[in-house]
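Listing of input.pdb, PDB, C-alpha atoms
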```pdb
ATOM      1  CA  MET A   1     -44.577-115.440  -3.165
ATOM      2  CA  LYS A   2     -43.054-112.054  -3.965
ATOM      3  CA  ASP A   3     -42.861-112.947  -7.669
ATOM      4  CA  SER A   4     -46.507-113.985  -7.721
ATOM      5  CA  LEU A   5     -47.554-110.721  -6.051
ATOM      6  CA  THR A   6     -45.486-108.741  -8.556
ATOM      7  CA  SER A   7     -47.094-110.676 -11.406
ATOM      8  CA  LEU A   8     -50.534-109.954  -9.963
ATOM      9  CA  ALA A   9     -49.731-106.243  -9.668
ATOM     10  CA  ASN A  10     -48.473-106.132 -13.273
ATOM     11  CA  ARG A  11     -51.572-107.938 -14.481
ATOM     12  CA  ARG A  12     -53.752-105.470 -12.613
ATOM     13  CA  THR A  13     -51.887-102.556 -14.228
ATOM     14  CA  ASP A  14     -52.388-104.065 -17.695
ATOM     15  CA  VAL A  15     -56.091-104.577 -17.029
ATOM     16  CA  GLU A  16     -56.526-100.970 -15.902
ATOM     17  CA  ARG A  17     -54.650 -99.690 -18.969
ATOM     18  CA  ILE A  18     -56.834-101.683 -21.368
ATOM     19  CA  ARG A  19     -59.923-100.724 -19.398
ATOM     20  CA  SER A  20     -58.966 -97.060 -19.809
ATOM     21  CA  SER A  21     -58.687 -97.508 -23.586
ATOM     22  CA  TYR A  22     -62.132 -99.140 -23.619
ATOM     23  CA  ARG A  23     -63.532 -96.178 -21.687
ATOM     24  CA  ARG A  24     -62.116 -93.717 -24.238
ATOM     25  CA  LEU A  25     -63.614 -95.813 -27.022
ATOM     26  CA  VAL A  26     -67.039 -95.813 -25.369
ATOM     27  CA  THR A  27     -66.928 -92.070 -24.698
ATOM     28  CA  ALA A  28     -66.106 -91.403 -28.362
ATOM     29  CA  ARG A  29     -69.359 -93.211 -29.312
ATOM     30  CA  LEU A  30     -67.755 -95.020 -32.220
ATOM     31  CA  PRO A  31     -69.508 -98.128 -33.582
ATOM     32  CA  VAL A  32     -68.095-101.339 -32.138
ATOM     33  CA  ASN A  33     -68.228-104.900 -33.449
ATOM     34  CA  LEU A  34     -68.094-107.565 -30.733
ATOM     35  CA  TYR A  35     -67.469-111.020 -32.127
ATOM     36  CA  GLY A  36     -67.483-114.408 -30.472
ATOM     37  CA  ALA A  37     -68.891-117.902 -30.691
ATOM     38  CA  GLN A  38     -71.460-117.430 -27.918
ATOM     39  CA  ALA A  39     -74.269-114.881 -28.114
ATOM     40  CA  GLN A  40     -74.521-114.501 -24.337
ATOM     41  CA  VAL A  41     -70.815-113.615 -24.119
ATOM     42  CA  GLN A  42     -71.273-110.961 -26.829
ATOM     43  CA  ARG A  43     -74.207-109.456 -24.949
ATOM     44  CA  ARG A  44     -72.417-109.514 -21.588
ATOM     45  CA  ALA A  45     -69.385-107.782 -23.118
ATOM     46  CA  ALA A  46     -71.695-105.158 -24.649
ATOM     47  CA  THR A  47     -73.336-104.430 -21.289
ATOM     48  CA  LEU A  48     -69.911-104.039 -19.673
ATOM     49  CA  LEU A  49     -68.849-101.536 -22.346
ATOM     50  CA  HIS A  50     -72.141 -99.701 -21.888
ATOM     51  CA  GLY A  51     -71.504 -99.530 -18.146
ATOM     52  CA  LEU A  52     -68.190 -97.704 -18.645
ATOM     53  CA  ASP A  53     -70.083 -94.538 -19.590
ATOM     54  CA  GLU A  54     -71.824 -93.376 -16.432
ATOM     55  CA  GLU A  55     -73.889 -90.853 -18.406
ATOM     56  CA  SER A  56     -75.442 -93.532 -20.635
ATOM     57  CA  LEU A  57     -78.574 -94.686 -18.867
ATOM     58  CA  SER A  58     -80.666 -95.980 -21.758
ATOM     59  CA  TRP A  59     -80.096 -99.402 -23.292
ATOM     60  CA  GLU A  60     -81.945-100.961 -26.215
ATOM     61  CA  GLU A  61     -81.260-104.269 -27.890
ATOM     62  CA  PHE A  62     -82.617-106.216 -30.809
ATOM     63  CA  ASP A  63     -81.828-109.595 -32.353
ATOM     64  CA  PHE A  64     -81.746-109.404 -36.144
ATOM     65  CA  ILE A  65     -82.666-113.064 -36.330
ATOM     66  CA  HIS A  66     -86.272-111.786 -36.119
ATOM     67  CA  LEU A  67     -85.755-109.895 -39.391
ATOM     68  CA  ALA A  68     -83.924-112.617 -41.289
ATOM     69  CA  ASP A  69     -86.818-112.812 -43.779
ATOM     70  CA  ASP A  70     -86.996-109.036 -44.380
ATOM     71  CA  GLU A  71     -85.942-109.162 -48.025
ATOM     72  CA  ARG A  72     -86.764-105.530 -48.897
ATOM     73  CA  GLY A  73     -85.576-103.910 -45.673
ATOM     74  CA  ASP A  74     -88.947-102.273 -44.889
ATOM     75  CA  ARG A  75     -89.374-103.906 -41.491
ATOM     76  CA  THR A  76     -85.757-103.215 -40.613
ATOM     77  CA  SER A  77     -86.292 -99.531 -41.370
ATOM     78  CA  LEU A  78     -89.464 -99.489 -39.256
ATOM     79  CA  HIS A  79     -87.865-101.221 -36.274
ATOM     80  CA  LEU A  80     -84.831 -98.948 -36.319
ATOM     81  CA  GLY A  81     -86.511 -95.639 -37.163
ATOM     82  CA  GLY A  82     -90.028 -96.235 -35.883
ATOM     83  CA  ALA A  83     -93.147 -94.309 -36.815
ATOM     84  CA  ALA A  84     -94.334 -90.879 -35.724
ATOM     85  CA  GLY A  85     -97.725 -90.998 -34.026
ATOM     86  CA  GLY A  86     -98.056 -94.744 -34.438
ATOM     87  CA  VAL A  87     -98.644 -94.496 -38.186
ATOM     88  CA  ALA A  88     -97.524 -98.029 -38.968
ATOM     89  CA  LEU A  89     -98.494-101.044 -36.891
ATOM     90  CA  ASN A  90     -98.862 -98.787 -33.822
ATOM     91  CA  PHE A  91     -95.078 -98.743 -33.710
ATOM     92  CA  HIS A  92     -94.564 -95.450 -31.904
ATOM     93  CA  SER A  93     -90.846 -95.393 -31.254
ATOM     94  CA  GLY A  94     -88.036 -97.098 -33.093
ATOM     95  CA  LEU A  95     -84.973 -98.611 -31.493
ATOM     96  CA  ILE A  96     -82.791 -95.597 -32.294
ATOM     97  CA  ALA A  97     -85.181 -93.170 -30.602
ATOM     98  CA  SER A  98     -85.590 -95.464 -27.597
ATOM     99  CA  ALA A  99     -81.822 -95.744 -27.187
ATOM    100  CA  GLY A 100     -81.526 -91.948 -27.069
ATOM    101  CA  THR A 101     -77.933 -91.086 -26.205
ATOM    102  CA  GLY A 102     -77.331 -94.506 -24.669
ATOM    103  CA  THR A 103     -76.473 -97.812 -26.326
ATOM    104  CA  LEU A 104     -78.189 -99.725 -29.114
ATOM    105  CA  TYR A 105     -77.035-103.336 -29.148
ATOM    106  CA  LEU A 106     -77.803-105.329 -32.305
ATOM    107  CA  ALA A 107     -77.249-109.091 -32.252
ATOM    108  CA  ASN A 108     -76.839-111.527 -35.157
ATOM    109  CA  LEU A 109     -76.108-108.866 -37.750
ATOM    110  CA  GLU A 110     -75.084-111.541 -40.244
ATOM    111  CA  LYS A 111     -78.688-112.812 -40.321
ATOM    112  CA  LEU A 112     -79.898-109.663 -42.114
ATOM    113  CA  GLY A 113     -80.488-109.803 -45.860
ATOM    114  CA  TYR A 114     -78.489-107.549 -48.184
ATOM    115  CA  ARG A 115     -81.239-104.935 -48.629
ATOM    116  CA  ALA A 116     -81.879-104.740 -44.896
ATOM    117  CA  GLN A 117     -78.130-104.343 -44.385
ATOM    118  CA  HIS A 118     -78.229-101.437 -46.843
ATOM    119  CA  VAL A 119     -80.918 -99.738 -44.720
ATOM    120  CA  LEU A 120     -78.781-100.068 -41.599
ATOM    121  CA  CYS A 121     -75.673 -98.877 -43.420
ATOM    122  CA  SER A 122     -77.476 -95.786 -44.749
ATOM    123  CA  LEU A 123     -78.606 -94.818 -41.245
ATOM    124  CA  LEU A 124     -75.124 -95.217 -39.818
ATOM    125  CA  ARG A 125     -73.440 -93.240 -42.571
ATOM    126  CA  ALA A 126     -75.937 -90.379 -42.464
ATOM    127  CA  ARG A 127     -76.021 -90.369 -38.640
ATOM    128  CA  ARG A 128     -79.696 -89.455 -38.906
ATOM    129  CA  TYR A 129     -83.036 -91.165 -39.434
ATOM    130  CA  THR A 130     -86.580 -90.158 -40.381
ATOM    131  CA  PRO A 131     -89.429 -91.990 -38.614
ATOM    132  CA  VAL A 132     -92.407 -93.032 -40.728
ATOM    133  CA  GLY A 133     -94.917 -90.167 -40.841
ATOM    134  CA  ASP A 134     -92.390 -87.552 -39.747
ATOM    135  CA  PRO A 135     -91.101 -85.111 -42.409
ATOM    136  CA  PHE A 136     -88.073 -84.088 -40.380
ATOM    137  CA  PRO A 137     -84.917 -86.175 -39.943
ATOM    138  CA  ARG A 138     -83.572 -86.683 -36.448
ATOM    139  CA  PRO A 139     -79.959 -87.151 -35.351
ATOM    140  CA  LEU A 140     -78.678 -90.579 -34.444
ATOM    141  CA  GLY A 141     -77.239 -89.982 -30.993
ATOM    142  CA  CYS A 142     -76.817 -93.496 -29.640
ATOM    143  CA  ARG A 143     -73.765 -95.708 -29.454
ATOM    144  CA  VAL A 144     -74.112 -98.747 -31.741
ATOM    145  CA  ILE A 145     -72.649-102.111 -30.758
ATOM    146  CA  VAL A 146     -73.188-105.094 -33.045
ATOM    147  CA  GLY A 147     -72.659-108.719 -32.145
ATOM    148  CA  THR A 148     -71.473-111.273 -34.701
ATOM    149  CA  ARG A 149     -69.978-114.752 -34.565
ATOM    150  CA  ARG A 150     -66.926-113.647 -36.574
ATOM    151  CA  PRO A 151     -65.298-110.235 -37.213
ATOM    152  CA  LEU A 152     -67.226-108.133 -39.725
ATOM    153  CA  PHE A 153     -64.308-107.803 -42.136
ATOM    154  CA  GLU A 154     -64.150-111.596 -42.327
ATOM    155  CA  LEU A 155     -67.905-111.830 -42.935
ATOM    156  CA  ALA A 156     -67.563-109.225 -45.692
ATOM    157  CA  ARG A 157     -64.765-111.216 -47.299
ATOM    158  CA  ARG A 158     -67.094-114.226 -47.320
ATOM    159  CA  LEU A 159     -69.861-112.045 -48.857
ATOM    160  CA  ILE A 160     -72.134-112.616 -45.848
ATOM    161  CA  VAL A 161     -72.371-108.904 -45.065
ATOM    162  CA  ARG A 162     -72.060-105.928 -47.390
ATOM    163  CA  ARG A 163     -68.584-104.450 -47.661
ATOM    164  CA  GLU A 164     -69.847-100.923 -46.954
ATOM    165  CA  LEU A 165     -71.602-102.120 -43.796
ATOM    166  CA  SER A 166     -68.388-103.759 -42.665
ATOM    167  CA  GLU A 167     -66.593-100.460 -43.259
ATOM    168  CA  ALA A 168     -69.246 -98.524 -41.330
ATOM    169  CA  LEU A 169     -69.290-100.865 -38.337
ATOM    170  CA  GLY A 170     -66.186-102.990 -38.406
ATOM    171  CA  HIS A 171     -63.280-100.567 -38.020
ATOM    172  CA  ILE A 172     -63.270-101.434 -34.320
ATOM    173  CA  SER A 173     -63.728-105.180 -33.894
ATOM    174  CA  LEU A 174     -63.147-106.628 -30.440
ATOM    175  CA  SER A 175     -63.219-110.181 -29.199
ATOM    176  CA  ALA A 176     -66.170-110.443 -26.812
ATOM    177  CA  GLU A 177     -64.260-112.980 -24.728
ATOM    178  CA  GLU A 178     -61.323-110.594 -24.345
ATOM    179  CA  VAL A 179     -63.559-107.673 -23.355
ATOM    180  CA  LEU A 180     -65.295-109.891 -20.826
ATOM    181  CA  SER A 181     -61.995-111.092 -19.355
ATOM    182  CA  VAL A 182     -60.678-107.529 -18.973
ATOM    183  CA  LEU A 183     -63.781-105.751 -17.712
ATOM    184  CA  GLY A 184     -65.014-108.723 -15.713
ATOM    185  CA  ALA A 185     -61.619-108.989 -14.014
ATOM    186  CA  ARG A 186     -62.002-105.645 -12.253
ATOM    187  CA  GLU A 187     -64.159-107.069  -9.485
ATOM    188  CA  PHE A 188     -61.674-109.897  -8.931
ATOM    189  CA  TYR A 189     -58.666-107.613  -8.598
ATOM    190  CA  THR A 190     -60.564-105.115  -6.466
ATOM    191  CA  GLY A 191     -61.664-107.653  -3.895
ATOM    192  CA  HIS A 192     -58.856-110.200  -4.063
ATOM    193  CA  PRO A 193     -56.721-110.224  -0.865
ATOM    194  CA  GLY A 194     -53.574-110.330  -2.989
ATOM    195  CA  SER A 195     -54.325-106.858  -4.346
ATOM    196  CA  LEU A 196     -53.853-105.393  -0.877
ATOM    197  CA  ALA A 197     -50.614-107.292  -0.337
ATOM    198  CA  ALA A 198     -49.249-106.216  -3.720
ATOM    199  CA  ALA A 199     -50.011-102.588  -2.969
ATOM    200  CA  SER A 200     -48.295-102.636   0.429
TER     201      SER A 200
END
```
Could the structure of this file be written out as structure tokens, please?
Amino acid sequence: MKDSLTSLANRRTDVERIRSSYRRLVTARLPVNLYGAQAQVQRRAATLLHGLDEESLSWEEFDFIHLADDERGDRTSLHLGGAAGGVALNFHSGLIASAGTGTLYLANLEKLGYRAQHVLCSLLRARRYTPVGDPFPRPLGCRVIVGTRRPLFELARRLIVRRELSEALGHISLSAEEVLSVLGAREFYTGHPGSLAAAS
């Protein structure tokens, strides 16, 4: 019994240490690639990362599967940057503006065509965007999390995503299942009766 309580305490310490590293990552607002076989696990992991930053209230998400046929990247640019004054298609605010200083979660990145990927890559590298009808660029202040079925560097090696996009987004690739197991475990260890026994 004592060994099991010690093991539980050690596991809890490891979880808190990894959780702390995730919090530093989120606070730094670096792009993150969450990969996994199931889209709902990717999204759940993204929401848990978003929740680590108590100052990030806004959340926007978009599934790139809806832009899989955007061969020139025009619609991708419009959805991300938006239009000033509803110039195009009454699209007043793009995803980046709506996300503000919060989180922009983009699912199924690998579904984007190469030109649309170039649009996204340009925005991320410049850290600014210019809405349609607005002559002035605006800073990109949101945290970007992208969900893919496999790590971006692997998708780039298979020529599914552009290498430069992989470099812009894929330096920090995390398994969605692992993030979920670590951040989702907090409630278990907080409320589990064994946590009180291990601490005593």
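For the residues A:Val119, A:Ala28, A:Ile18, A:Leu95, ranking by smallest atom-to-atom distance to Glu71 in chain A using all atoms listed in the file places A:Val119 first.
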Applying the PyMOL selection byres ((chain A and resi 47) around 12) to the file I just gave you, which residues come out? Please list them as a ChimeraX atom specification.
/A:26,34,40-46,48-53,56-61,102-106,143-147,176,179-180,183-184
Could the residues in this selection be saved with C-alpha atoms as a CSV table (one decimal), keeping the file's coordinate frame?
```
chain,number,residue,atom,x,y,z
A,26,VAL,CA,-67.0,-95.8,-25.4
A,34,LEU,CA,-68.1,-107.6,-30.7
A,40,GLN,CA,-74.5,-114.5,-24.3
A,41,VAL,CA,-70.8,-113.6,-24.1
A,42,GLN,CA,-71.3,-111.0,-26.8
A,43,ARG,CA,-74.2,-109.5,-24.9
A,44,ARG,CA,-72.4,-109.5,-21.6
A,45,ALA,CA,-69.4,-107.8,-23.1
A,46,ALA,CA,-71.7,-105.2,-24.6
A,48,LEU,CA,-69.9,-104.0,-19.7
A,49,LEU,CA,-68.8,-101.5,-22.3
A,50,HIS,CA,-72.1,-99.7,-21.9
A,51,GLY,CA,-71.5,-99.5,-18.1
A,52,LEU,CA,-68.2,-97.7,-18.6
A,53,ASP,CA,-70.1,-94.5,-19.6
A,56,SER,CA,-75.4,-93.5,-20.6
A,57,LEU,CA,-78.6,-94.7,-18.9
A,58,SER,CA,-80.7,-96.0,-21.8
A,59,TRP,CA,-80.1,-99.4,-23.3
A,60,GLU,CA,-81.9,-101.0,-26.2
A,61,GLU,CA,-81.3,-104.3,-27.9
A,102,GLY,CA,-77.3,-94.5,-24.7
A,103,THR,CA,-76.5,-97.8,-26.3
A,104,LEU,CA,-78.2,-99.7,-29.1
A,105,TYR,CA,-77.0,-103.3,-29.1
A,106,LEU,CA,-77.8,-105.3,-32.3
A,143,ARG,CA,-73.8,-95.7,-29.5
A,144,VAL,CA,-74.1,-98.7,-31.7
A,145,ILE,CA,-72.6,-102.1,-30.8
A,146,VAL,CA,-73.2,-105.1,-33.0
A,147,GLY,CA,-72.7,-108.7,-32.1
A,176,ALA,CA,-66.2,-110.4,-26.8
A,179,VAL,CA,-63.6,-107.7,-23.4
A,180,LEU,CA,-65.3,-109.9,-20.8
A,183,LEU,CA,-63.8,-105.8,-17.7
A,184,GLY,CA,-65.0,-108.7,-15.7
```
Between CA of Ala99 in chain A and CA of Glu154 in chain A, measure the distance and give it in Å to one decimal.
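The value is 28.2 Å.
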Using all atoms listed in the file, which residue out of A:Arg24, A:His79, A:Arg29, A:Lys111 lies closest to Phe64 in chain A?
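Result for the nearest residue to Phe64 in chain A: A:Lys111.
If you measure from each of A:Ala168, A:Leu109, A:Ala97, A:Val161 to Cys121 in chain A using only C-alpha atoms, the closest one turns out to be A:Ala168.
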Here's the selection I'm unsure about, the PyMOL selection byres ((chain A and resi 67) around 12); applied to the file above, which residues does it give, as a ChimeraX atom specification?
/A:62-66,68-80,106-117
A:Leu152, A:Ala39, A:Leu120, A:Leu140: which is nearest Leu174 in chain A, counting only C-alpha atoms?
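For Leu174 in chain A, the nearest of the given residues is A:Leu152.
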Between CA of Gly82 in chain A and CA of Arg150 in chain A, what distance in Å does the model show, to one decimal?
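CA of Arg150 in chain A lies at a distance of 28.9 Å from CA of Gly82 in chain A.
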For each of A:Thr101, A:Ser122, A:Ser175, A:Ser181, take the minimum atom-to-atom distance to Arg162 in chain A, counting all atoms listed in the file, then give the residue where this is smallest.
A:Ser122
Contacts of Arg127 in chain A at 10 Å or less, counting all atoms listed in the file, minus same-chain residues fewer than 3 places along, as a list in words?
Cys121, Ser122, Leu123, Leu124, Pro137, Arg138, Pro139, Leu140, Gly141 and Cys142 of chain A
Using C-alpha atoms, can you write the selected residues to a file as a tab-separated table (two decimals), keeping the file's coordinate frame?
```tsv
chain	number	residue	atom	x	y	z
A	121	CYS	CA	-75.67	-98.88	-43.42
A	122	SER	CA	-77.48	-95.79	-44.75
A	123	LEU	CA	-78.61	-94.82	-41.24
A	124	LEU	CA	-75.12	-95.22	-39.82
A	137	PRO	CA	-84.92	-86.18	-39.94
A	138	ARG	CA	-83.57	-86.68	-36.45
A	139	PRO	CA	-79.96	-87.15	-35.35
A	140	LEU	CA	-78.68	-90.58	-34.44
A	141	GLY	CA	-77.24	-89.98	-30.99
A	142	CYS	CA	-76.82	-93.50	-29.64
```
At what distance in Å, to one decimal, does CA of Ser21 in chain A lie from CA of Leu155 in chain A?
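Separation of CA of Leu155 in chain A and CA of Ser21 in chain A: 25.8 Å.
Applied to the file shown here, the PyMOL selection byres ((chain A and resi 153) around 10) selects the residues Asn33, Arg150, Pro151, Leu152, Glu154, Leu155, Ala156, Arg157, Arg158, Leu159, Ile160, Val161, Arg162, Arg163, Leu165, Ser166, Glu167, Leu169, Gly170, His171 and Ser173 of chain A.
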